[in-house]
>>> print(open('model-v2.txt').read())   # compact mmCIF, C-alpha atoms
# COMPACT_ATOMS: atom_id res chain seq x y z
CA MET A 1 24.18 10.78 16.34
CA ASN A 2 24.69 12.89 13.22
CA GLU A 3 21.76 13.60 10.91
CA PRO A 4 22.67 11.21 8.04
CA MET A 5 22.99 8.31 10.49
CA LEU A 6 19.75 9.35 12.18
CA ILE A 7 17.95 9.31 8.82
CA ILE A 8 19.31 5.81 8.09
CA VAL A 9 18.00 4.61 11.46
CA ILE A 10 14.60 6.18 10.68
CA PHE A 11 14.49 4.38 7.32
CA LEU A 12 15.32 1.07 9.00
CA ILE A 13 12.56 1.58 11.59
CA CYS A 14 10.15 2.41 8.76
CA TYR A 15 11.04 -0.80 6.94
CA LEU A 16 10.44 -2.84 10.10
CA LEU A 17 7.19 -0.99 10.73
CA GLY A 18 6.06 -1.68 7.19
CA SER A 19 6.93 -5.37 7.45
CA PHE A 20 4.16 -5.87 10.03
CA GLN A 21 1.75 -7.82 7.83
CA SER A 22 -1.58 -7.47 9.61
CA SER A 23 -3.59 -9.78 7.31
CA TYR A 24 -0.95 -12.50 7.55
CA ILE A 25 -0.30 -12.18 11.29
CA PHE A 26 -3.95 -11.81 12.31
CA GLY A 27 -4.99 -14.51 9.87
CA LYS A 28 -2.50 -16.88 11.49
CA THR A 29 -3.24 -15.97 15.09
CA ILE A 30 -7.01 -15.32 14.98
CA LYS A 31 -8.32 -17.28 12.00
CA LYS A 32 -5.64 -19.98 12.13
CA VAL A 33 -5.28 -19.61 8.38
CA ASP A 34 -2.43 -18.55 6.11
CA ILE A 35 -4.01 -15.96 3.82
CA ARG A 36 -1.36 -16.70 1.19
CA ASN A 37 -3.15 -20.00 0.53
CA TYR A 38 -6.47 -18.36 -0.34
CA GLY A 39 -7.94 -15.96 -2.87
CA SER A 40 -5.24 -14.18 -4.84
CA GLY A 41 -2.57 -15.42 -2.45
CA ASN A 42 -1.61 -11.84 -1.68
CA PRO A 43 -1.29 -10.94 2.04
CA GLY A 44 -2.92 -7.55 1.60
CA ALA A 45 -6.09 -5.85 2.79
CA THR A 46 -8.05 -6.47 -0.43
CA ASN A 47 -7.47 -10.21 -0.25
CA ALA A 48 -8.20 -10.13 3.49
CA ILE A 49 -11.61 -8.63 2.70
CA ARG A 50 -12.28 -11.36 0.15
CA VAL A 51 -11.05 -14.21 2.35
CA PHE A 52 -11.99 -13.13 5.89
CA GLY A 53 -14.87 -10.74 5.27
CA PHE A 54 -15.36 -6.98 5.11
CA LYS A 55 -14.97 -6.14 8.82
CA PHE A 56 -11.82 -8.22 9.34
CA GLY A 57 -10.33 -6.94 6.08
CA MET A 58 -11.08 -3.32 6.96
CA VAL A 59 -9.26 -3.73 10.28
CA CYS A 60 -6.23 -4.94 8.33
CA LEU A 61 -6.56 -2.01 5.92
CA LEU A 62 -6.72 0.51 8.78
CA ILE A 63 -3.68 -1.00 10.47
CA ASP A 64 -1.74 -0.91 7.20
CA ALA A 65 -2.70 2.74 6.74
CA LEU A 66 -1.77 3.47 10.35
CA LYS A 67 1.76 2.13 9.98
CA GLY A 68 2.25 4.49 7.02
CA ALA A 69 0.95 7.40 9.07
CA LEU A 70 3.15 6.48 12.04
CA ALA A 71 6.26 6.51 9.86
CA ILE A 72 5.60 10.07 8.71
CA LEU A 73 4.75 11.12 12.26
CA LEU A 74 8.11 9.70 13.37
CA VAL A 75 9.95 11.83 10.80
CA GLN A 76 7.98 14.93 11.77
CA LEU A 77 8.66 14.44 15.48
CA ILE A 78 12.38 13.91 14.98
CA LEU A 79 13.23 16.15 12.03
CA GLY A 80 10.31 18.60 11.94
CA ASP A 81 7.42 18.89 9.49
CA GLU A 82 9.30 20.63 6.65
CA ASN A 83 11.10 17.57 5.32
CA ILE A 84 8.77 16.33 2.59
CA LEU A 85 11.62 14.62 0.74
CA ILE A 86 12.64 12.62 3.83
CA GLU A 87 8.98 11.95 4.59
CA LEU A 88 8.43 10.52 1.10
CA LEU A 89 11.54 8.36 1.35
CA ALA A 90 10.66 7.18 4.86
CA GLY A 91 7.18 6.33 3.66
CA PHE A 92 8.65 4.42 0.74
CA PHE A 93 10.67 2.30 3.16
CA VAL A 94 7.36 1.42 4.81
CA ILE A 95 6.11 0.32 1.39
CA ILE A 96 9.25 -1.76 0.84
CA GLY A 97 8.75 -3.40 4.24
CA HIS A 98 5.10 -4.09 3.46
CA ASN A 99 5.80 -5.45 -0.01
CA TYR A 100 8.97 -7.35 0.86
CA PRO A 101 8.86 -8.46 4.53
CA PHE A 102 12.03 -10.32 5.47
CA TYR A 103 10.24 -13.05 7.47
CA MET A 104 7.87 -13.96 4.62
CA GLY A 105 10.47 -14.67 1.98
CA PHE A 106 10.23 -11.03 0.85
CA LYS A 107 6.75 -11.70 -0.60
CA GLY A 108 4.20 -9.31 0.88
CA GLY A 109 1.39 -7.00 -0.12
CA LYS A 110 1.14 -4.12 -2.57
CA GLY A 111 1.35 -1.12 -0.27
CA VAL A 112 -1.77 0.81 -1.28
CA ALA A 113 -3.31 1.03 2.20
CA ALA A 114 0.02 2.09 3.67
CA THR A 115 0.29 4.75 0.97
CA ILE A 116 -3.08 6.16 2.03
CA GLY A 117 -1.76 6.68 5.56
CA ILE A 118 1.48 8.16 4.26
CA MET A 119 -0.24 10.66 1.99
CA LEU A 120 -2.75 11.68 4.65
CA MET A 121 0.13 12.64 6.93
CA ILE A 122 2.27 14.32 4.27
CA ASN A 123 -0.57 16.34 2.72
CA TRP A 124 -4.15 15.37 3.43
CA LYS A 125 -5.37 17.54 0.56
CA VAL A 126 -3.35 15.45 -1.89
CA ALA A 127 -4.85 12.27 -0.43
CA LEU A 128 -8.35 13.72 -0.72
CA ILE A 129 -7.80 14.87 -4.31
CA ALA A 130 -6.55 11.40 -5.25
CA ALA A 131 -9.36 9.65 -3.39
CA ILE A 132 -12.13 11.22 -5.48
CA PRO A 133 -11.16 9.78 -8.91
CA SER A 134 -10.14 6.53 -7.22
CA ILE A 135 -13.59 6.08 -5.70
CA ILE A 136 -15.18 6.95 -9.05
CA MET A 137 -13.05 4.31 -10.77
CA MET A 138 -13.87 1.74 -8.09
CA VAL A 139 -17.61 2.35 -8.44
CA ALA A 140 -17.42 2.38 -12.23
CA PHE A 141 -15.29 -0.75 -12.69
CA ARG A 142 -15.68 -2.52 -9.32
CA ILE A 143 -11.99 -3.49 -9.54
CA MET A 144 -9.72 -2.60 -6.63
CA SER A 145 -6.50 -2.70 -8.64
CA VAL A 146 -7.85 -0.05 -11.04
CA ALA A 147 -8.84 2.20 -8.12
CA SER A 148 -5.49 1.60 -6.40
CA LEU A 149 -3.41 2.50 -9.44
CA THR A 150 -5.57 5.59 -9.99
CA PHE A 151 -4.92 6.69 -6.41
CA GLN A 152 -1.16 6.21 -6.71
CA THR A 153 -0.95 8.04 -10.03
CA VAL A 154 -3.07 11.02 -8.97
CA CYS A 155 -1.13 11.32 -5.69
CA PHE A 156 2.08 11.63 -7.69
CA ILE A 157 0.66 14.28 -10.01
CA ALA A 158 -0.89 16.24 -7.13
CA LEU A 159 2.33 16.15 -5.08
CA VAL A 160 4.31 17.52 -8.01
CA LEU A 161 1.77 20.29 -8.56
CA VAL A 162 1.62 21.41 -4.92
CA ASN A 163 5.44 21.52 -4.81
CA ILE A 164 5.87 23.14 -8.23
CA THR A 165 7.58 26.21 -6.74
CA SER A 166 9.75 24.25 -4.31
CA GLU A 167 13.52 24.37 -4.64
CA ASN A 168 13.49 20.59 -4.19
CA LEU A 169 10.88 20.00 -6.90
CA TYR A 170 12.90 17.49 -8.90
CA SER A 171 13.97 15.53 -5.82
CA VAL A 172 10.41 15.50 -4.50
CA ALA A 173 9.08 14.45 -7.91
CA LEU A 174 11.56 11.57 -8.13
CA ALA A 175 10.73 10.41 -4.60
CA ALA A 176 6.99 10.72 -5.26
CA ALA A 177 7.36 8.77 -8.51
CA LEU A 178 8.64 5.76 -6.57
CA TYR A 179 5.12 5.12 -5.25
CA PRO A 180 3.25 4.65 -8.55
CA LEU A 181 6.24 2.85 -10.06
CA MET A 182 6.25 0.33 -7.23
CA SER A 183 2.47 0.02 -7.38
CA PHE A 184 2.43 -0.70 -11.12
CA LEU A 185 5.22 -3.22 -10.59
CA ARG A 186 3.28 -5.01 -7.85
CA HIS A 187 0.02 -4.87 -9.83
CA ARG A 188 1.47 -6.10 -13.13
CA LYS A 189 -0.45 -9.40 -12.97
CA ASN A 190 -3.65 -7.52 -12.11
CA ILE A 191 -3.11 -5.27 -15.11
CA VAL A 192 -2.85 -8.30 -17.39
CA ARG A 193 -6.05 -9.76 -15.90
CA VAL A 194 -7.85 -6.42 -16.33
CA PHE A 195 -6.75 -6.33 -19.97
CA TYR A 196 -8.18 -9.81 -20.58
CA GLY A 197 -11.30 -9.16 -18.49
CA GLU A 198 -10.31 -11.74 -15.87
CA GLU A 199 -9.78 -9.51 -12.83
CA PRO A 200 -12.26 -10.32 -10.00
CA ARG A 201 -14.89 -7.69 -9.22
CA LEU A 202 -15.49 -6.39 -5.72
CA TRP A 203 -19.24 -6.96 -5.99
CA GLY A 204 -21.89 -8.02 -8.48
CA LYS A 205 -21.21 -10.12 -11.56
CA GLY A 206 -17.63 -11.32 -11.71
CA LYS A 207 -17.11 -11.15 -7.93
CA ALA A 208 -14.58 -13.69 -6.68
CA GLU A 209 -16.18 -16.27 -4.41
CA ILE A 210 -13.72 -17.42 -1.75
CA LYS A 211 -14.27 -20.35 0.58
CA ILE A 212 -12.02 -20.59 3.59
CA ASP A 213 -12.00 -24.40 3.41
CA GLU A 214 -10.80 -24.44 -0.18
CA PRO A 215 -7.16 -23.28 -0.30
CA ASN A 216 -5.61 -22.41 -3.62
CA ASN A 217 -2.09 -23.31 -2.45
CA LYS A 218 -0.66 -20.02 -3.72
CA LYS A 219 2.49 -18.80 -2.04
>>> encode(input="model-v2.txt", output="structure tokens")
Amino acid sequence: MNEPMLIIVIFLICYLLGSFQSSYIFGKTIKKVDIRNYGSGNPGATNAIRVFGFKFGMVCLLIDALKGALAILLVQLILGDENILIELLAGFFVIIGHNYPFYMGFKGGKGVAATIGIMLMINWKVALIAAIPSIIMMVAFRIMSVASLTFQTVCFIALVLVNITSENLYSVALAAALYPLMSFLRHRKNIVRVFYGEEPRLWGKGKAEIKIDEPNNKK
């Protein structure tokens, strides 16, 4: 198999890997509940924490991060560890699979947890740099969407800076820009709620109270 075809196969595998929706699948099989009917209606780790509890939600978050990490590991094992452009694109296919899973009507999560795993594998220093302001924003505002968008934006800036002398700088920058662009697209409703002061807080005043026996019928 020639390299272009091999890369296409890798991207397809990454999409399928990303489409494994842990909060939806585990919610259905373990909790006997469709997470899309509760909380924000989003089948992501944040909503899983709100609906199913911290421990269950964190398991979903770790699995989502793991599938991002596995995708980059796959690229590194097959093509070597000097293919940051292919790694970024492969990771983005994981995000596409997570956000638009074919078996859920192409309505999935927002890809932040998967991005954490991707960035840790591509350059853990970038992930660490981005994590610091993200945690500060989360503590300050208690809003996950604000922390998530901070993480995505800082990751992009940091990736550009660490590759500033690379011959593929512009290609890497364009590929890295896909992540925050997708994240802002997926968080557009959250951004509106933040603007109007209606976004649920993670804890304290304004925290969203979710009851498993009271579905919101969101799909």
>>> closest_residue(input="model-v2.txt", among="A:Asn83, A:Ser23, A:Gln152, A:Asn47", to="Met119 in chain A", atoms="only C-alpha atoms")
A:Gln152
>>> closest_residue(input="model-v2.txt", among="A:Met1, A:Lys189, A:Ile129, A:Ile122", to="Glu82 in chain A", atoms="only C-alpha atoms")
A:Ile122
>>> closest_residue(input="model-v2.txt", among="A:Ala130, A:Ile72, A:Ala45, A:Ile35", to="His98 in chain A", atoms="all atoms listed in the file")
A:Ala45
>>> residues_around(input="model-v2.txt", residues="Val160 in chain A", least_positions_apart="5", cutoff="9 Å", atoms="only C-alpha atoms", output="ChimeraX atom specification")
/A:155,169-170,172-173,176
>>> closest_residue(input="model-v2.txt", among="A:Ile7, A:Ile95, A:Val59, A:Ala131", to="Ser22 in chain A", atoms="all atoms listed in the file")
A:Val59
>>> closest_residue(input="model-v2.txt", among="A:Gln76, A:Ser183, A:Ser19, A:Ser171", to="Val94 in chain A", atoms="all atoms listed in the file")
A:Ser19
>>> closest_atom_pairs(input="model-v2.txt", of="range 56-151 of chain A", to="range 8-15 of chain A", cutoff="6 Å", atoms="only C-alpha atoms", output="JSON lines")
{"residue": "A:Ala71", "atom": "CA", "partner": "A:Cys14", "partner_atom": "CA", "distance": 5.8}
{"residue": "A:Ala90", "atom": "CA", "partner": "A:Phe11", "partner_atom": "CA", "distance": 5.3}
{"residue": "A:Phe93", "atom": "CA", "partner": "A:Tyr15", "partner_atom": "CA", "distance": 4.9}
{"residue": "A:Val94", "atom": "CA", "partner": "A:Tyr15", "partner_atom": "CA", "distance": 4.8}
{"residue": "A:Gly97", "atom": "CA", "partner": "A:Tyr15", "partner_atom": "CA", "distance": 4.4}
>>> closest_residue(input="model-v2.txt", among="A:Gly68, A:Gly206, A:Gly41, A:Pro180", to="Ile116 in chain A", atoms="all atoms listed in the file")
A:Gly68
>>> atom_distance(input="model-v2.txt", atom1="CA of Ile78 in chain A", atom2="CA of Cys60 in chain A")
27.3 Å
